[in-house]
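Peer 1: Following this line is final.cif, made up of mmCIF, C-alpha atoms:
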```cif
data_query
loop_
_atom_site.group_PDB
_atom_site.id
_atom_site.type_symbol
_atom_site.label_atom_id
_atom_site.label_comp_id
_atom_site.auth_asym_id
_atom_site.auth_seq_id
_atom_site.Cartn_x
_atom_site.Cartn_y
_atom_site.Cartn_z
ATOM 1 C CA MET A 109 -12.304 109.023 120.469
ATOM 2 C CA PRO A 110 -13.506 111.162 123.399
ATOM 3 C CA ALA A 111 -15.373 114.355 122.571
ATOM 4 C CA VAL A 112 -17.351 117.113 124.258
ATOM 5 C CA ARG A 113 -19.880 119.634 122.980
ATOM 6 C CA VAL A 114 -19.702 123.294 123.890
ATOM 7 C CA ASP A 115 -22.352 125.682 122.559
ATOM 8 C CA GLY A 116 -23.040 123.264 119.711
ATOM 9 C CA ILE A 117 -19.363 122.765 118.807
ATOM 10 C CA GLY A 118 -18.023 119.226 118.962
ATOM 11 C CA VAL A 119 -14.473 119.115 120.337
ATOM 12 C CA ALA A 120 -12.496 115.892 119.868
ATOM 13 C CA TYR A 121 -9.432 114.863 121.796
ATOM 14 C CA ASP A 122 -7.011 111.979 122.232
ATOM 15 C CA ARG A 123 -6.305 110.494 125.643
ATOM 16 C CA VAL A 124 -3.565 108.000 126.497
ATOM 17 C CA GLY A 125 -1.796 106.782 129.624
ATOM 18 C CA HIS A 126 -2.454 106.959 133.335
ATOM 19 C CA GLY A 127 -1.444 109.408 136.020
ATOM 20 C CA PRO A 128 -1.810 113.151 136.574
ATOM 21 C CA PRO A 129 -3.446 114.896 133.603
ATOM 22 C CA LEU A 130 -1.211 116.676 131.093
ATOM 23 C CA VAL A 131 -3.264 118.606 128.526
ATOM 24 C CA LEU A 132 -1.644 119.726 125.253
ATOM 25 C CA ALA A 133 -2.852 122.638 123.078
ATOM 26 C CA HIS A 134 -1.399 122.748 119.560
ATOM 27 C CA GLY A 135 -0.442 125.682 117.362
ATOM 28 C CA ALA A 136 -2.186 127.198 114.345
ATOM 29 C CA THR A 137 -2.925 125.199 111.161
ATOM 30 C CA SER A 138 -2.374 121.904 113.000
ATOM 31 C CA ASP A 139 -4.182 119.499 115.327
ATOM 32 C CA ALA A 140 -3.536 116.858 118.007
ATOM 33 C CA ARG A 141 -1.150 114.996 115.708
ATOM 34 C CA LEU A 142 1.418 117.723 116.308
ATOM 35 C CA PHE A 143 2.007 116.142 119.720
ATOM 36 C CA ARG A 144 2.611 112.534 118.667
ATOM 37 C CA PRO A 145 6.138 112.485 120.142
ATOM 38 C CA GLN A 146 4.832 113.741 123.479
ATOM 39 C CA MET A 147 1.874 111.351 123.648
ATOM 40 C CA GLU A 148 4.066 108.363 122.836
ATOM 41 C CA ASP A 149 6.732 109.243 125.393
ATOM 42 C CA LEU A 150 4.880 110.732 128.353
ATOM 43 C CA ALA A 151 1.911 108.353 128.646
ATOM 44 C CA ASP A 152 3.867 106.066 130.981
ATOM 45 C CA GLU A 153 3.626 108.676 133.740
ATOM 46 C CA PHE A 154 0.761 111.005 132.822
ATOM 47 C CA THR A 155 -2.746 110.929 131.400
ATOM 48 C CA VAL A 156 -1.822 112.792 128.229
ATOM 49 C CA VAL A 157 -4.660 114.631 126.480
ATOM 50 C CA ALA A 158 -4.240 116.379 123.121
ATOM 51 C CA TRP A 159 -7.215 118.165 121.644
ATOM 52 C CA ASP A 160 -8.221 119.116 118.143
ATOM 53 C CA GLU A 161 -9.167 122.734 118.776
ATOM 54 C CA PRO A 162 -12.503 123.942 117.373
ATOM 55 C CA GLY A 163 -12.158 124.097 113.600
ATOM 56 C CA ALA A 164 -9.250 121.622 113.440
ATOM 57 C CA GLY A 165 -8.836 117.900 112.908
ATOM 58 C CA ARG A 166 -11.919 115.948 113.964
ATOM 59 C CA SER A 167 -13.594 118.876 115.751
ATOM 60 C CA SER A 168 -16.512 120.900 114.415
ATOM 61 C CA ASP A 169 -16.163 124.062 112.361
ATOM 62 C CA VAL A 170 -15.973 127.346 114.199
ATOM 63 C CA PRO A 171 -18.608 130.038 113.689
ATOM 64 C CA ALA A 172 -17.770 132.965 111.439
ATOM 65 C CA VAL A 173 -16.808 134.940 114.553
ATOM 66 C CA PHE A 174 -15.097 132.949 117.291
ATOM 67 C CA PRO A 175 -13.156 134.835 119.985
ATOM 68 C CA LEU A 176 -10.188 133.693 122.021
ATOM 69 C CA ALA A 177 -12.501 133.129 124.981
ATOM 70 C CA GLY A 178 -14.432 130.606 122.892
ATOM 71 C CA TYR A 179 -11.329 128.472 122.440
ATOM 72 C CA ALA A 180 -10.586 128.723 126.160
ATOM 73 C CA ARG A 181 -14.127 127.729 127.069
ATOM 74 C CA CYS A 182 -13.841 124.626 124.875
ATOM 75 C CA LEU A 183 -10.472 123.681 126.347
ATOM 76 C CA ALA A 184 -11.945 124.027 129.847
ATOM 77 C CA ALA A 185 -14.700 121.601 128.845
ATOM 78 C CA VAL A 186 -12.098 119.054 127.718
ATOM 79 C CA ILE A 187 -10.262 119.268 131.065
ATOM 80 C CA GLU A 188 -13.543 118.885 132.933
ATOM 81 C CA ASP A 189 -14.483 115.915 130.739
ATOM 82 C CA VAL A 190 -11.210 114.145 131.557
ATOM 83 C CA GLY A 191 -12.303 114.429 135.177
ATOM 84 C CA LEU A 192 -8.959 114.088 136.960
ATOM 85 C CA GLY A 193 -8.861 117.495 138.605
ATOM 86 C CA PRO A 194 -6.553 120.397 137.858
ATOM 87 C CA ALA A 195 -4.208 119.641 134.967
ATOM 88 C CA HIS A 196 -0.724 120.437 133.862
ATOM 89 C CA VAL A 197 -1.585 122.473 130.756
ATOM 90 C CA LEU A 198 0.893 122.930 127.921
ATOM 91 C CA GLY A 199 0.370 125.364 125.078
ATOM 92 C CA LEU A 200 2.651 125.547 122.042
ATOM 93 C CA ALA A 201 2.817 128.680 119.857
ATOM 94 C CA TRP A 202 -0.787 129.915 119.268
ATOM 95 C CA GLY A 203 -1.879 127.186 121.702
ATOM 96 C CA GLY A 204 0.000 128.966 124.464
ATOM 97 C CA THR A 205 -2.139 132.061 123.977
ATOM 98 C CA VAL A 206 -5.250 129.878 124.245
ATOM 99 C CA VAL A 207 -3.844 128.366 127.446
ATOM 100 C CA LEU A 208 -3.220 131.798 128.942
ATOM 101 C CA GLU A 209 -6.839 132.723 128.237
ATOM 102 C CA LEU A 210 -7.895 129.429 129.827
ATOM 103 C CA TYR A 211 -5.969 130.367 132.956
ATOM 104 C CA ARG A 212 -7.493 133.847 132.971
ATOM 105 C CA LEU A 213 -11.027 132.467 132.837
ATOM 106 C CA HIS A 214 -10.663 129.123 134.666
ATOM 107 C CA PRO A 215 -7.627 129.199 136.973
ATOM 108 C CA SER A 216 -8.978 126.397 139.164
ATOM 109 C CA LEU A 217 -8.537 123.945 136.264
ATOM 110 C CA VAL A 218 -4.790 124.577 135.992
ATOM 111 C CA ARG A 219 -2.195 122.913 138.238
ATOM 112 C CA THR A 220 0.824 124.201 136.297
ATOM 113 C CA LEU A 221 1.467 125.963 133.005
ATOM 114 C CA VAL A 222 3.955 124.969 130.327
ATOM 115 C CA LEU A 223 4.268 127.762 127.769
ATOM 116 C CA ALA A 224 6.318 126.704 124.763
ATOM 117 C CA ASP A 225 7.508 129.034 121.973
ATOM 118 C CA THR A 226 4.433 131.164 122.456
ATOM 119 C CA TYR A 227 3.055 134.680 122.844
ATOM 120 C CA ALA A 228 0.904 136.707 125.198
ATOM 121 C CA GLY A 229 -1.062 137.306 122.001
ATOM 122 C CA TRP A 230 0.653 139.023 119.081
ATOM 123 C CA LYS A 231 -0.194 142.460 120.494
ATOM 124 C CA GLY A 232 1.123 141.351 123.868
ATOM 125 C CA SER A 233 4.497 140.097 122.605
ATOM 126 C CA LEU A 234 5.345 141.664 119.242
ATOM 127 C CA SER A 235 5.850 145.152 117.886
ATOM 128 C CA ALA A 236 3.001 146.835 116.061
ATOM 129 C CA ALA A 237 5.000 146.687 112.820
ATOM 130 C CA GLU A 238 5.554 142.942 113.199
ATOM 131 C CA VAL A 239 1.871 142.350 113.921
ATOM 132 C CA ARG A 240 0.925 144.258 110.757
ATOM 133 C CA SER A 241 3.449 142.254 108.733
ATOM 134 C CA ARG A 242 2.079 138.936 109.975
ATOM 135 C CA ILE A 243 -1.505 139.959 109.306
ATOM 136 C CA ARG A 244 -0.603 140.940 105.733
ATOM 137 C CA GLY A 245 1.163 137.606 105.207
ATOM 138 C CA ALA A 246 -1.793 135.646 106.545
ATOM 139 C CA GLU A 247 -4.240 137.624 104.409
ATOM 140 C CA ARG A 248 -2.197 136.808 101.296
ATOM 141 C CA THR A 249 -2.402 133.128 102.220
ATOM 142 C CA LEU A 250 -6.145 133.367 102.795
ATOM 143 C CA ALA A 251 -6.641 135.010 99.404
ATOM 144 C CA VAL A 252 -5.399 132.042 97.345
ATOM 145 C CA PRO A 253 -7.930 129.856 95.473
ATOM 146 C CA ASP A 254 -9.371 126.835 97.246
ATOM 147 C CA GLU A 255 -7.373 124.368 95.163
ATOM 148 C CA ALA A 256 -4.110 126.007 96.277
ATOM 149 C CA PHE A 257 -5.037 126.616 99.923
ATOM 150 C CA ALA A 258 -2.522 124.746 102.112
ATOM 151 C CA PRO A 259 -1.187 127.318 104.558
ATOM 152 C CA SER A 260 2.266 127.084 106.044
ATOM 153 C CA LEU A 261 4.053 129.481 108.365
ATOM 154 C CA PRO A 262 7.604 130.695 107.756
ATOM 155 C CA GLY A 263 10.411 130.135 110.226
ATOM 156 C CA LEU A 264 9.091 127.055 112.026
ATOM 157 C CA PHE A 265 12.406 125.194 112.176
ATOM 158 C CA ALA A 266 15.989 126.129 112.864
ATOM 159 C CA GLU A 267 17.238 123.409 110.512
ATOM 160 C CA ALA A 268 15.729 121.091 107.923
ATOM 161 C CA PRO A 269 13.172 118.963 109.807
ATOM 162 C CA PRO A 270 13.046 115.157 109.474
ATOM 163 C CA ALA A 271 11.138 113.820 106.476
ATOM 164 C CA GLY A 272 8.430 112.366 108.706
ATOM 165 C CA VAL A 273 7.807 115.758 110.264
ATOM 166 C CA VAL A 274 7.558 117.368 106.838
ATOM 167 C CA ARG A 275 4.956 114.805 105.766
ATOM 168 C CA LEU A 276 2.931 115.302 108.943
ATOM 169 C CA LEU A 277 2.907 119.084 108.609
ATOM 170 C CA SER A 278 1.987 118.800 104.934
ATOM 171 C CA VAL A 279 -1.023 116.628 105.758
ATOM 172 C CA MET A 280 -2.225 118.962 108.510
ATOM 173 C CA SER A 281 -1.685 121.990 106.298
ATOM 174 C CA ALA A 282 -3.717 120.442 103.481
ATOM 175 C CA GLN A 283 -6.552 119.781 105.940
ATOM 176 C CA THR A 284 -6.603 123.301 107.379
ATOM 177 C CA ARG A 285 -9.950 125.049 106.945
ATOM 178 C CA ARG A 286 -9.988 128.612 105.696
ATOM 179 C CA ARG A 287 -12.558 129.743 108.266
ATOM 180 C CA SER A 288 -10.458 128.209 111.059
ATOM 181 C CA MET A 289 -7.369 130.116 109.979
ATOM 182 C CA ARG A 290 -9.352 133.359 109.804
ATOM 183 C CA ALA A 291 -10.643 132.818 113.338
ATOM 184 C CA GLU A 292 -7.172 132.031 114.693
ATOM 185 C CA LEU A 293 -5.709 135.067 112.959
ATOM 186 C CA ALA A 294 -8.375 137.428 114.273
ATOM 187 C CA ALA A 295 -8.035 136.139 117.830
ATOM 188 C CA MET A 296 -4.245 136.087 117.854
ATOM 189 C CA ALA A 297 -3.745 139.471 116.186
ATOM 190 C CA ASP A 298 -6.019 141.202 118.679
ATOM 191 C CA ALA A 299 -4.870 139.433 121.860
ATOM 192 C CA ASP A 300 -2.801 141.165 124.521
ATOM 193 C CA LEU A 301 -2.500 139.047 127.666
ATOM 194 C CA SER A 302 0.669 140.705 128.906
ATOM 195 C CA GLY A 303 -1.260 142.179 131.830
ATOM 196 C CA LEU A 304 -2.194 138.677 132.984
ATOM 197 C CA LEU A 305 1.390 137.463 133.306
ATOM 198 C CA PRO A 306 2.197 139.060 136.689
ATOM 199 C CA ARG A 307 -1.027 137.577 138.096
ATOM 200 C CA ILE A 308 -0.232 133.952 137.229
ATOM 201 C CA GLY A 309 -0.213 132.075 140.520
ATOM 202 C CA VAL A 310 0.920 128.594 139.481
ATOM 203 C CA PRO A 311 4.386 127.193 138.683
ATOM 204 C CA THR A 312 5.155 127.983 135.052
ATOM 205 C CA LEU A 313 7.704 126.399 132.730
ATOM 206 C CA LEU A 314 8.802 128.513 129.777
ATOM 207 C CA LEU A 315 10.174 126.091 127.186
ATOM 208 C CA TRP A 316 11.757 127.701 124.142
ATOM 209 C CA GLY A 317 13.768 126.762 121.089
ATOM 210 C CA GLU A 318 17.043 128.638 121.128
ATOM 211 C CA LEU A 319 16.644 129.611 117.478
ATOM 212 C CA ASP A 320 12.906 130.302 117.459
ATOM 213 C CA ALA A 321 12.512 132.945 114.759
ATOM 214 C CA ARG A 322 8.762 133.475 115.199
ATOM 215 C CA SER A 323 8.746 133.983 118.965
ATOM 216 C CA PRO A 324 12.379 134.753 119.807
ATOM 217 C CA VAL A 325 13.902 134.080 123.199
ATOM 218 C CA GLU A 326 14.921 137.740 123.156
ATOM 219 C CA PRO A 327 12.658 139.541 123.793
ATOM 220 C CA VAL A 328 9.579 137.320 124.017
ATOM 221 C CA ALA A 329 10.626 134.515 126.361
ATOM 222 C CA ARG A 330 12.582 136.941 128.519
ATOM 223 C CA SER A 331 9.523 139.159 128.897
ATOM 224 C CA PHE A 332 7.564 136.144 130.182
ATOM 225 C CA LEU A 333 10.366 135.297 132.604
ATOM 226 C CA ASP A 334 10.456 138.854 133.935
ATOM 227 C CA ALA A 335 6.683 139.042 134.373
ATOM 228 C CA VAL A 336 5.502 135.606 135.621
ATOM 229 C CA PRO A 337 6.201 135.236 139.364
ATOM 230 C CA GLN A 338 6.904 131.467 139.464
ATOM 231 C CA ALA A 339 8.464 131.077 136.020
ATOM 232 C CA THR A 340 11.446 128.980 134.984
ATOM 233 C CA LEU A 341 12.948 129.337 131.510
ATOM 234 C CA VAL A 342 14.557 126.376 129.731
ATOM 235 C CA VAL A 343 16.068 127.010 126.291
ATOM 236 C CA LEU A 344 16.562 124.014 123.986
ATOM 237 C CA PRO A 345 19.802 124.379 121.999
ATOM 238 C CA GLY A 346 19.518 124.378 118.226
ATOM 239 C CA ALA A 347 15.702 124.143 118.139
ATOM 240 C CA GLY A 348 13.261 126.484 116.433
ATOM 241 C CA HIS A 349 9.600 127.398 116.862
ATOM 242 C CA LEU A 350 8.253 123.828 116.847
ATOM 243 C CA SER A 351 10.726 122.682 119.469
ATOM 244 C CA ASN A 352 8.530 119.708 120.414
ATOM 245 C CA LEU A 353 9.214 118.224 116.952
ATOM 246 C CA GLU A 354 12.750 119.460 116.405
ATOM 247 C CA ALA A 355 14.106 118.456 119.835
ATOM 248 C CA PRO A 356 11.514 115.960 121.138
ATOM 249 C CA GLU A 357 13.760 114.099 123.573
ATOM 250 C CA ALA A 358 14.915 117.254 125.360
ATOM 251 C CA PHE A 359 11.410 118.751 125.184
ATOM 252 C CA ASN A 360 9.791 115.648 126.694
ATOM 253 C CA ARG A 361 12.440 115.232 129.382
ATOM 254 C CA THR A 362 12.037 118.840 130.501
ATOM 255 C CA VAL A 363 8.229 118.608 130.611
ATOM 256 C CA ARG A 364 8.376 115.294 132.467
ATOM 257 C CA GLU A 365 10.731 116.588 135.161
ATOM 258 C CA PHE A 366 8.793 119.801 135.647
ATOM 259 C CA CYS A 367 5.386 118.138 135.928
ATOM 260 C CA ARG A 368 6.609 115.173 137.980
ATOM 261 C CA THR A 369 7.879 117.390 140.784
ATOM 262 C CA ARG A 370 4.612 119.337 140.858
ATOM 263 C CA SER A 371 2.047 116.531 140.593
#
```
Output the file's structure as structure tokens, nothing else.

Peer 2:
Amino acid sequence: MPAVRVDGIGVAYDRVGHGPPLVLAHGATSDARLFRPQMEDLADEFTVVAWDEPGAGRSSDVPAVFPLAGYARCLAAVIEDVGLGPAHVLGLAWGGTVVLELYRLHPSLVRTLVLADTYAGWKGSLSAAEVRSRIRGAERTLAVPDEAFAPSLPGLFAEAPPAGVVRLLSVMSAQTRRRSMRAELAAMADADLSGLLPRIGVPTLLLWGELDARSPVEPVARSFLDAVPQATLVVLPGAGHLSNLEAPEAFNRTVREFCRTRS
């Protein structure tokens, strides 16, 4: 298991395959296992790297206060550790906000961006009322006793997910650390990267589930498409917020074709 250390934080990641680097950043309350379908399918053409963000999976705990820039700095260290030059960087949901911050701070590490079912931070993509509602919901989850703490987010799927997906999400949820969720919530709720979008200078794939209820195509994906100069939007029919799990074949095919032509 490869790993790097950044300011005393150990960051673990999985690496499979050979070819141009494709780095995957997962969403909240999950870890690298969220990308199993992508790692299994895309490793024939790419060096696929999926990290456990700080505070998740096999990585170290985060400090009590850990800003969005801290996540981006750790992700930059992973890309540098892989050592294959600028990477195709894919961020799903909360991971997409981390990837945008990575691009803001370290643009030379990014060959292309794949932003999937994501946000320019909650402040950057959602109404103030919706941000307040999500913060209240997360705070209720964080207030439960330790023995009952297994956070899950509403509206992840358009339809009932396969049993294997349910089991995987249940395991990752049960292993979520309270401090990690607090750090993610604080960073996401306060982030507004909408001003960065017009300054993105690399080809960008916007990959969205048609029925994403947490980050809807209208208006969120459309706002990205309007703002990012070299953006292409692909909408996956019938898929929800975790489109990589709900429509893995279409998701993988779209990522493969986009990255192949830009490697």

Peer 1: Determine, counting all atoms listed in the file, which protein, DNA and RNA residues have an atom within 12 Å of an atom of Ala151 in chain A; residues of the same chain fewer than 2 positions away are not included. Present the result as a ChimeraX atom specification.

Peer 2: /A:122-131,143-149,153-158,360,364

Peer 1: What does the PyMOL selection byres ((chain A and resi 167) around 9) select in this file, as a PyMOL selection string?

Peer 2: chain A and resi 111+117-121+159-166+168-170

Peer 1: Just say which residues the PyMOL selection byres ((chain A and resi 205) around 8) picks in this file, as a ChimeraX atom specification.

Peer 2: /A:199,201-204,206-209,226-229,296,301

Peer 1: Edge lengths and centre in Å to one decimal, as JSON, is what I'm after for the box along x, y and z that holds all listed atoms of range 200-206 of chain A once 3 Å is added on each side.

Peer 2:
```
{"center_x": -1.2, "center_y": 128.8, "center_z": 121.9, "size_x": 14.1, "size_y": 12.5, "size_z": 11.2}
```

Peer 1: Written as a VMD selection string, which residues does the PyMOL selection byres ((chain A and resi 325) around 12) give for the file shown?

Peer 2: chain A and resid 224 to 227 233 314 to 324 326 to 333 341 to 345 347 to 349

Peer 1: How many Å lie between CA of Leu313 in chain A and CA of Leu221 in chain A, rounded to one decimal?

Peer 2: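 Value for the CA of Leu313 in chain A-CA of Leu221 in chain A distance: 6.3 Å.
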
Peer 1: Find the residues around Gly309 in chain A up to 10 Å (all atoms listed in the file counted), leave out those fewer than 5 positions away in its own chain, and share them as a list in words.

Peer 2: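 Using all atoms listed in the file, the neighbours found are Tyr211, Pro215, Val218, Arg219, Thr220, Leu221, Val336, Pro337, Gln338 and Ala339 of chain A.
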
Peer 1: Could you work out how far CA of Gly303 in chain A lies from CA of Leu198 in chain A, giving the answer in Å with one decimal?

Peer 2: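 Spanning CA of Leu198 in chain A to CA of Gly303 in chain A is a straight-line distance of 19.8 Å.
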
Peer 1: Would you pick out the contacts of Leu210 in chain A at 12 Å or less, using all atoms listed in the file, so that residues sharing its chain but fewer than 6 positions from it are not included, and give the list as a list in words?

Peer 2: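 Answer for this query is Val131, Ala133, Leu176, Ala177, Gly178, Tyr179, Ala180, Arg181, Cys182, Leu183, Ala184, Ala185, Val186, Ile187, Ala195, Val197, Leu198, Gly199, Gly203, Gly204, Ser216, Leu217, Val218, Leu221, Leu301, Leu304 and Ile308 of chain A.
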
Peer 1: Of the candidates A:Ala295, A:Thr312, A:Ala140, A:Gly116, which shows the shortest atom-to-atom distance to Leu223 in chain A, using all atoms listed in the file?

Peer 2: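 Among A:Ala295, A:Thr312, A:Ala140, A:Gly116, it is A:Thr312 that comes nearest to Leu223 in chain A.
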
Peer 1: Kindly give the distance, in Å, that separates CA of Arg113 in chain A and CA of Gly191 in chain A, rounded to a single decimal.

Peer 2: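 So the answer is 15.3 Å.
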
Peer 1: In terms of the shortest atom-to-atom distance over all atoms listed in the file, which of A:Ala299, A:Ala256, A:Arg248, A:Leu150 is closest to Arg361 in chain A?

Peer 2: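 Looking at the shortest contact to Arg361 in chain A, the residue is A:Leu150.
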
Peer 1: Need the shell around Ile243 in chain A: protein/DNA/RNA residues with any atom at most 12 Å away, counting only C-alpha atoms. Skip same-chain ones fewer than 2 positions apart. Format as a ChimeraX atom specification?

Peer 2: /A:230-231,236-241,245-250,261,289-290,292-298

Peer 1: Using all atoms listed in the file, can you tell me which of A:Val190, A:Ala282, A:Ala136, A:Ala291 comes closest to Val112 in chain A?

Peer 2: A:Val190

Peer 1: Which residue is closest to Leu350 in chain A? Choose from A:Glu365, A:Glu267, A:Asp254, A:Asp300 and count all atoms listed in the file.

Peer 2: A:Glu267

Peer 1: Will you model N, CA, C and O atoms for range 236-257 of chain A and pass it back as a short mmCIF file (atom, residue, chain, number, x, y, z; two decimals), keeping the file's coordinate frame?

Peer 2:
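File produced: out_22.cif:
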```cif
data_model
loop_
_atom_site.label_atom_id
_atom_site.label_comp_id
_atom_site.auth_asym_id
_atom_site.auth_seq_id
_atom_site.Cartn_x
_atom_site.Cartn_y
_atom_site.Cartn_z
N ALA A 236 4.14 146.54 116.93
CA ALA A 236 3.00 146.84 116.06
C ALA A 236 3.35 146.59 114.60
O ALA A 236 2.53 146.07 113.83
N ALA A 237 4.58 146.91 114.20
CA ALA A 237 5.00 146.69 112.82
C ALA A 237 5.03 145.20 112.49
O ALA A 237 4.62 144.78 111.40
N GLU A 238 5.50 144.38 113.44
CA GLU A 238 5.55 142.94 113.20
C GLU A 238 4.15 142.35 113.13
O GLU A 238 3.87 141.48 112.30
N VAL A 239 3.26 142.83 113.98
CA VAL A 239 1.87 142.35 113.92
C VAL A 239 1.26 142.67 112.56
O VAL A 239 0.62 141.81 111.93
N ARG A 240 1.47 143.89 112.07
CA ARG A 240 0.92 144.26 110.76
C ARG A 240 1.51 143.38 109.66
O ARG A 240 0.79 142.94 108.75
N SER A 241 2.79 143.09 109.73
CA SER A 241 3.45 142.25 108.73
C SER A 241 2.86 140.85 108.73
O SER A 241 2.61 140.27 107.66
N ARG A 242 2.63 140.30 109.90
CA ARG A 242 2.08 138.94 109.98
C ARG A 242 0.63 138.90 109.48
O ARG A 242 0.23 137.93 108.83
N ILE A 243 -0.12 139.92 109.79
CA ILE A 243 -1.50 139.96 109.31
C ILE A 243 -1.52 140.02 107.78
O ILE A 243 -2.30 139.31 107.13
N ARG A 244 -0.66 140.85 107.20
CA ARG A 244 -0.60 140.94 105.73
C ARG A 244 -0.22 139.59 105.13
O ARG A 244 -0.80 139.16 104.12
N GLY A 245 0.76 138.91 105.72
CA GLY A 245 1.16 137.61 105.21
C GLY A 245 0.04 136.59 105.28
O GLY A 245 -0.18 135.82 104.34
N ALA A 246 -0.68 136.58 106.40
CA ALA A 246 -1.79 135.65 106.54
C ALA A 246 -2.91 135.97 105.57
O ALA A 246 -3.54 135.06 104.99
N GLU A 247 -3.17 137.25 105.35
CA GLU A 247 -4.24 137.62 104.41
C GLU A 247 -3.89 137.21 102.99
O GLU A 247 -4.77 136.83 102.21
N ARG A 248 -2.61 137.29 102.63
CA ARG A 248 -2.20 136.81 101.30
C ARG A 248 -2.45 135.31 101.18
O ARG A 248 -2.92 134.82 100.13
N THR A 249 -2.15 134.57 102.24
CA THR A 249 -2.40 133.13 102.22
C THR A 249 -3.89 132.83 102.10
O THR A 249 -4.30 131.94 101.36
N LEU A 250 -4.70 133.60 102.82
CA LEU A 250 -6.14 133.37 102.80
C LEU A 250 -6.78 133.76 101.47
O LEU A 250 -7.89 133.32 101.16
N ALA A 251 -6.09 134.54 100.67
CA ALA A 251 -6.64 135.01 99.40
C ALA A 251 -6.44 134.03 98.25
O ALA A 251 -7.01 134.24 97.18
N VAL A 252 -5.66 132.96 98.45
CA VAL A 252 -5.40 132.04 97.34
C VAL A 252 -6.64 131.22 97.04
O VAL A 252 -7.51 131.03 97.90
N PRO A 253 -6.77 130.70 95.83
CA PRO A 253 -7.93 129.86 95.47
C PRO A 253 -7.98 128.59 96.33
O PRO A 253 -6.97 128.14 96.86
N ASP A 254 -9.17 128.02 96.41
CA ASP A 254 -9.37 126.84 97.25
C ASP A 254 -8.41 125.71 96.87
O ASP A 254 -7.88 125.02 97.75
N GLU A 255 -8.20 125.50 95.58
CA GLU A 255 -7.37 124.37 95.16
C GLU A 255 -5.91 124.54 95.57
O GLU A 255 -5.14 123.55 95.60
N ALA A 256 -5.51 125.75 95.88
CA ALA A 256 -4.11 126.01 96.28
C ALA A 256 -3.97 126.30 97.77
O ALA A 256 -2.86 126.56 98.24
N PHE A 257 -5.08 126.23 98.51
CA PHE A 257 -5.04 126.62 99.92
C PHE A 257 -4.45 125.50 100.77
O PHE A 257 -5.07 124.47 100.99
#
```
